[in-house]
Amino acid sequence: MLKDFDDLLNQAKNLEAVKVSVAAAEDEAVLKAVKYAVDLGFIKPILVGDKKKIELIARNVCLKDYEVVHSDSPEESVKKAVELVKTNKAKVLMKGLVNTSTYLRGVLDKENGLRTGRLLSLLAVYELPQYHKLLYCTDSGINVAPYLKQKKDIMTNALLSMSSIGIKNPKTAILTANEMVDPKVQSTMDAFELVKMVKEGEIPKCIAEGPIAFDVAFDEQAAKHKGIDSKISGDVDLLVFPNIEAGNALGKSWLRFNDAKWAGIVLGATNPIILGSRSDTAEIKVNSIALACLASQ
């Protein structure tokens, strides 16, 4: 069990250094995070982009141990960075100074990308002061209103990566507004079907419960009060959101009001992908790199 991001970083430090391909790496904030991960010993970066700019920024941030692959444009950087992953010269892909749509277009390229046939989805991980371990959540950032088959992909992506991280048979709450299966509330119907798919082996092994409301998922007394015999209440590992609004609002409320920390990676491709944004702190970037490296195992 990983209690917090210190545990996550310590587990990452035990890895043989993972090669990380950074697309359009001429970005100071990105290279600062890369340097921190290099100093901790769990990555070997391959920096793709304008060689002169990368080397100048690397000197400024005191990054020394890296490879450079020169490119003349963001599009070329993405193409070369993706190719490094596709040919197994790197195990993780990371976004640098490039537009998200350009980056994902390279990932999803039909001939040269990293497609698996599954949907791409975001796995967000939160460290909450009031909770006893890291909480894995999906999908709060990519898929707006996933239907049943897409939710199956989203769950599969998360469970496969958590298994790589070392979390076997995770306790999984498929979140809805209540525990009743109601044809008028599609999320409850989907949750029922997803639990059935887990039992039938169509989704990787986990202890799945749904439909389940937030209070029951995290409060054993609430479960007992409602007469629900839950095997996961108060000890959830993975939270599956019904839609992007629920996941986005809940995650941001934790960050705003609960002093939470978080990291995130994109799953569903052949290898873990670090998307990130320019507003992410160095801490978020480093935690996300560590998460991706663990998920790549």
# chains A, B, ... in the order shown; residues from 1 in each chain; ligands from 1
>>> residues_around(residues="Ile43 of chain A", least_positions_apart="2", cutoff="7 Å", atoms="only C-alpha atoms", output="list in words")
Ala17, Val18, Lys19, Val20, Ala37, Val38, Gly41 and Pro45 of chain A
>>> write_last_selection(atoms="C-alpha atoms", output="short mmCIF file (atom, residue, chain, number, x, y, z; two decimals), in the first residue's frame")
data_model
loop_
_atom_site.label_atom_id
_atom_site.label_comp_id
_atom_site.auth_asym_id
_atom_site.auth_seq_id
_atom_site.Cartn_x
_atom_site.Cartn_y
_atom_site.Cartn_z
CA ALA A 17 16.22 4.02 -14.36
CA VAL A 18 13.39 4.29 -16.90
CA LYS A 19 14.00 5.98 -20.25
CA VAL A 20 11.56 8.87 -20.68
CA ALA A 37 13.69 12.82 -11.28
CA VAL A 38 17.21 12.24 -12.66
CA GLY A 41 17.75 8.14 -9.93
CA PRO A 45 15.69 11.35 -20.20
#
>>> residues_around(residues="Leu160 of chain A", least_positions_apart="5", cutoff="9 Å", atoms="only C-alpha atoms", output="list in words")
Met155, Ile165, Pro204 and Ala295 of chain A
>>> residues_around(residues="His225 of chain A", least_positions_apart="6", cutoff="12 Å", atoms="only C-alpha atoms", output="PDB file with all heavy atoms, in the first residue's frame")
ATOM      1  N   ASP A 215     -20.731   8.576   0.069  1.00  0.00           N
ATOM      2  CA  ASP A 215     -20.719   8.368   1.516  1.00  0.00           C
ATOM      3  C   ASP A 215     -20.545   6.898   1.870  1.00  0.00           C
ATOM      4  O   ASP A 215     -19.794   6.553   2.788  1.00  0.00           O
ATOM      5  CB  ASP A 215     -21.976   8.952   2.175  1.00  0.00           C
ATOM      6  CG  ASP A 215     -23.268   8.357   1.644  1.00  0.00           C
ATOM      7  OD1 ASP A 215     -23.267   7.808   0.522  1.00  0.00           O
ATOM      8  OD2 ASP A 215     -24.295   8.462   2.348  1.00  0.00           O
ATOM      9  N   VAL A 216     -21.196   6.017   1.131  1.00  0.00           N
ATOM     10  CA  VAL A 216     -21.076   4.579   1.396  1.00  0.00           C
ATOM     11  C   VAL A 216     -19.670   4.092   1.051  1.00  0.00           C
ATOM     12  O   VAL A 216     -19.090   3.268   1.761  1.00  0.00           O
ATOM     13  CB  VAL A 216     -22.138   3.792   0.608  1.00  0.00           C
ATOM     14  CG1 VAL A 216     -21.909   2.286   0.733  1.00  0.00           C
ATOM     15  CG2 VAL A 216     -23.526   4.159   1.103  1.00  0.00           C
ATOM     16  N   ASP A 219     -17.371   5.642   4.044  1.00  0.00           N
ATOM     17  CA  ASP A 219     -17.795   5.671   5.446  1.00  0.00           C
ATOM     18  C   ASP A 219     -18.505   4.367   5.791  1.00  0.00           C
ATOM     19  O   ASP A 219     -19.625   4.122   5.345  1.00  0.00           O
ATOM     20  CB  ASP A 219     -18.723   6.869   5.678  1.00  0.00           C
ATOM     21  CG  ASP A 219     -19.099   7.055   7.145  1.00  0.00           C
ATOM     22  OD1 ASP A 219     -18.853   6.140   7.952  1.00  0.00           O
ATOM     23  OD2 ASP A 219     -19.647   8.121   7.482  1.00  0.00           O
TER      24      ASP A 219
END
>>> atom_distance(atom1="atom CA of Leu119 of chain A", atom2="atom CA of Phe5 of chain A")
27.0 Å
>>> closest_residue(among="A:Tyr147, A:Asp4, A:Ser140, A:Val266", to="Glu245 of chain A", atoms="only C-alpha atoms")
A:Ser140
>>> atom_distance(atom1="atom CA of Leu9 of chain A", atom2="atom CA of Leu291 of chain A")
8.2 Å
>>> select_by_dssp(residues="segment 68-297 of chain A", states="alpha helix (DSSP H)", output="ChimeraX atom specification")
/A:74-86,100-107,148-165,186-199,214-218,220-225,244-257,282-295
>>> write_last_selection(atoms="C-alpha atoms", output="PDB file, in the first residue's frame")
ATOM      1  CA  PRO A  74       6.951  20.766 -32.381  1.00  0.00           C
ATOM      2  CA  GLU A  75       5.271  18.356 -34.822  1.00  0.00           C
ATOM      3  CA  GLU A  76       8.603  16.734 -35.642  1.00  0.00           C
ATOM      4  CA  SER A  77       9.467  16.582 -31.932  1.00  0.00           C
ATOM      5  CA  VAL A  78       6.274  14.678 -31.166  1.00  0.00           C
ATOM      6  CA  LYS A  79       6.816  12.314 -34.090  1.00  0.00           C
ATOM      7  CA  LYS A  80      10.390  11.512 -33.010  1.00  0.00           C
ATOM      8  CA  ALA A  81       9.489  11.239 -29.314  1.00  0.00           C
ATOM      9  CA  VAL A  82       6.631   8.847 -30.085  1.00  0.00           C
ATOM     10  CA  GLU A  83       8.909   6.797 -32.355  1.00  0.00           C
ATOM     11  CA  LEU A  84      11.378   6.344 -29.501  1.00  0.00           C
ATOM     12  CA  VAL A  85       8.613   4.805 -27.410  1.00  0.00           C
ATOM     13  CA  LYS A  86       7.182   2.762 -30.279  1.00  0.00           C
ATOM     14  CA  THR A 100      -1.896  19.225 -26.427  1.00  0.00           C
ATOM     15  CA  SER A 101      -3.810  18.543 -29.655  1.00  0.00           C
ATOM     16  CA  THR A 102      -0.527  18.195 -31.598  1.00  0.00           C
ATOM     17  CA  TYR A 103       0.850  15.903 -28.902  1.00  0.00           C
ATOM     18  CA  LEU A 104      -2.186  13.613 -28.799  1.00  0.00           C
ATOM     19  CA  ARG A 105      -2.428  13.574 -32.588  1.00  0.00           C
ATOM     20  CA  GLY A 106       1.036  12.026 -32.632  1.00  0.00           C
ATOM     21  CA  VAL A 107       0.078   9.499 -29.962  1.00  0.00           C
ATOM     22  CA  LEU A 148     -20.718   1.647 -21.024  1.00  0.00           C
ATOM     23  CA  LYS A 149     -18.090   0.314 -23.456  1.00  0.00           C
ATOM     24  CA  GLN A 150     -15.942   3.399 -22.884  1.00  0.00           C
ATOM     25  CA  LYS A 151     -16.256   2.992 -19.108  1.00  0.00           C
ATOM     26  CA  LYS A 152     -15.065  -0.589 -19.552  1.00  0.00           C
ATOM     27  CA  ASP A 153     -11.940   0.724 -21.310  1.00  0.00           C
ATOM     28  CA  ILE A 154     -11.442   3.400 -18.639  1.00  0.00           C
ATOM     29  CA  MET A 155     -11.619   0.817 -15.835  1.00  0.00           C
ATOM     30  CA  THR A 156      -9.376  -1.590 -17.728  1.00  0.00           C
ATOM     31  CA  ASN A 157      -6.744   1.106 -18.292  1.00  0.00           C
ATOM     32  CA  ALA A 158      -6.689   2.027 -14.612  1.00  0.00           C
ATOM     33  CA  LEU A 159      -6.619  -1.540 -13.310  1.00  0.00           C
ATOM     34  CA  LEU A 160      -3.816  -2.635 -15.648  1.00  0.00           C
ATOM     35  CA  SER A 161      -1.649   0.310 -14.602  1.00  0.00           C
ATOM     36  CA  MET A 162      -2.385  -0.198 -10.902  1.00  0.00           C
ATOM     37  CA  SER A 163      -1.350  -3.839 -11.265  1.00  0.00           C
ATOM     38  CA  SER A 164       1.956  -2.672 -12.791  1.00  0.00           C
ATOM     39  CA  ILE A 165       2.422  -0.343  -9.832  1.00  0.00           C
ATOM     40  CA  GLN A 186     -27.838   5.767 -16.649  1.00  0.00           C
ATOM     41  CA  SER A 187     -24.811   5.772 -14.359  1.00  0.00           C
ATOM     42  CA  THR A 188     -26.495   3.264 -12.040  1.00  0.00           C
ATOM     43  CA  MET A 189     -27.239   0.960 -14.981  1.00  0.00           C
ATOM     44  CA  ASP A 190     -23.650   1.243 -16.185  1.00  0.00           C
ATOM     45  CA  ALA A 191     -22.258   0.551 -12.714  1.00  0.00           C
ATOM     46  CA  PHE A 192     -24.340  -2.611 -12.418  1.00  0.00           C
ATOM     47  CA  GLU A 193     -23.078  -3.837 -15.803  1.00  0.00           C
ATOM     48  CA  LEU A 194     -19.443  -3.015 -14.987  1.00  0.00           C
ATOM     49  CA  VAL A 195     -19.593  -5.046 -11.767  1.00  0.00           C
ATOM     50  CA  LYS A 196     -21.048  -7.900 -13.814  1.00  0.00           C
ATOM     51  CA  MET A 197     -18.187  -7.602 -16.339  1.00  0.00           C
ATOM     52  CA  VAL A 198     -15.649  -7.851 -13.508  1.00  0.00           C
ATOM     53  CA  LYS A 199     -17.306 -11.031 -12.216  1.00  0.00           C
ATOM     54  CA  PHE A 214     -19.678   8.587  -2.142  1.00  0.00           C
ATOM     55  CA  ASP A 215     -20.719   8.368   1.516  1.00  0.00           C
ATOM     56  CA  VAL A 216     -21.076   4.579   1.396  1.00  0.00           C
ATOM     57  CA  ALA A 217     -17.770   4.191  -0.450  1.00  0.00           C
ATOM     58  CA  PHE A 218     -15.824   6.079   2.220  1.00  0.00           C
ATOM     59  CA  GLU A 220     -18.421   2.242   6.958  1.00  0.00           C
ATOM     60  CA  GLN A 221     -21.076   3.692   9.271  1.00  0.00           C
ATOM     61  CA  ALA A 222     -22.980   5.083   6.279  1.00  0.00           C
ATOM     62  CA  ALA A 223     -22.890   1.635   4.677  1.00  0.00           C
ATOM     63  CA  LYS A 224     -24.160  -0.008   7.873  1.00  0.00           C
ATOM     64  CA  HIS A 225     -26.861   2.638   8.275  1.00  0.00           C
ATOM     65  CA  ILE A 244     -16.064  14.284 -16.286  1.00  0.00           C
ATOM     66  CA  GLU A 245     -18.082  16.836 -14.277  1.00  0.00           C
ATOM     67  CA  ALA A 246     -18.221  14.608 -11.204  1.00  0.00           C
ATOM     68  CA  GLY A 247     -14.534  13.781 -11.370  1.00  0.00           C
ATOM     69  CA  ASN A 248     -13.372  17.289 -12.168  1.00  0.00           C
ATOM     70  CA  ALA A 249     -15.453  18.967  -9.467  1.00  0.00           C
ATOM     71  CA  LEU A 250     -14.543  16.437  -6.796  1.00  0.00           C
ATOM     72  CA  GLY A 251     -10.827  16.507  -7.613  1.00  0.00           C
ATOM     73  CA  LYS A 252     -10.661  20.298  -7.649  1.00  0.00           C
ATOM     74  CA  SER A 253     -12.591  20.515  -4.387  1.00  0.00           C
ATOM     75  CA  TRP A 254      -9.999  18.251  -2.751  1.00  0.00           C
ATOM     76  CA  LEU A 255      -7.195  20.468  -4.038  1.00  0.00           C
ATOM     77  CA  ARG A 256      -8.943  23.658  -2.952  1.00  0.00           C
ATOM     78  CA  PHE A 257     -10.412  22.716   0.420  1.00  0.00           C
ATOM     79  CA  ALA A 282       7.282  20.954 -10.225  1.00  0.00           C
ATOM     80  CA  GLU A 283       5.946  18.665  -7.496  1.00  0.00           C
ATOM     81  CA  ILE A 284       2.991  17.589  -9.659  1.00  0.00           C
ATOM     82  CA  LYS A 285       5.302  17.000 -12.617  1.00  0.00           C
ATOM     83  CA  VAL A 286       7.772  14.886 -10.625  1.00  0.00           C
ATOM     84  CA  ASN A 287       5.013  12.842  -8.983  1.00  0.00           C
ATOM     85  CA  SER A 288       3.475  12.249 -12.424  1.00  0.00           C
ATOM     86  CA  ILE A 289       6.833  11.129 -13.843  1.00  0.00           C
ATOM     87  CA  ALA A 290       7.233   8.675 -10.958  1.00  0.00           C
ATOM     88  CA  LEU A 291       3.682   7.394 -11.438  1.00  0.00           C
ATOM     89  CA  ALA A 292       4.284   6.858 -15.172  1.00  0.00           C
ATOM     90  CA  CYS A 293       7.580   5.065 -14.546  1.00  0.00           C
ATOM     91  CA  LEU A 294       5.933   2.676 -12.087  1.00  0.00           C
ATOM     92  CA  ALA A 295       3.013   2.088 -14.462  1.00  0.00           C
TER      93      ALA A 295
END
>>> residues_around(residues="Tyr136 of chain A", least_positions_apart="3", cutoff="12 Å", atoms="only C-alpha atoms", output="number ranges by chain")
A: 2-4, 122-128, 131, 133, 139-140, 155, 157-159, 161-162, 165, 167, 170-173, 235-241, 247, 251, 262-265, 291
>>> closest_residue(among="A:Thr281, A:Asn243, A:Ser233, A:Ser73", to="Leu97 of chain A", atoms="only C-alpha atoms")
A:Ser73
>>> select_by_dssp(residues="segment 121-185 of chain A", states="strand (DSSP E)", output="list in words")
Ser121, Leu122, Leu123, Ala124, Val125, Tyr126, Glu127, Leu135, Tyr136, Cys137, Thr138, Lys171, Thr172, Ala173, Ile174 and Leu175 of chain A
>>> closest_residue(among="A:Ile228, A:Leu134, A:Ala269, A:Val34", to="Asp6 of chain A", atoms="only C-alpha atoms")
A:Leu134
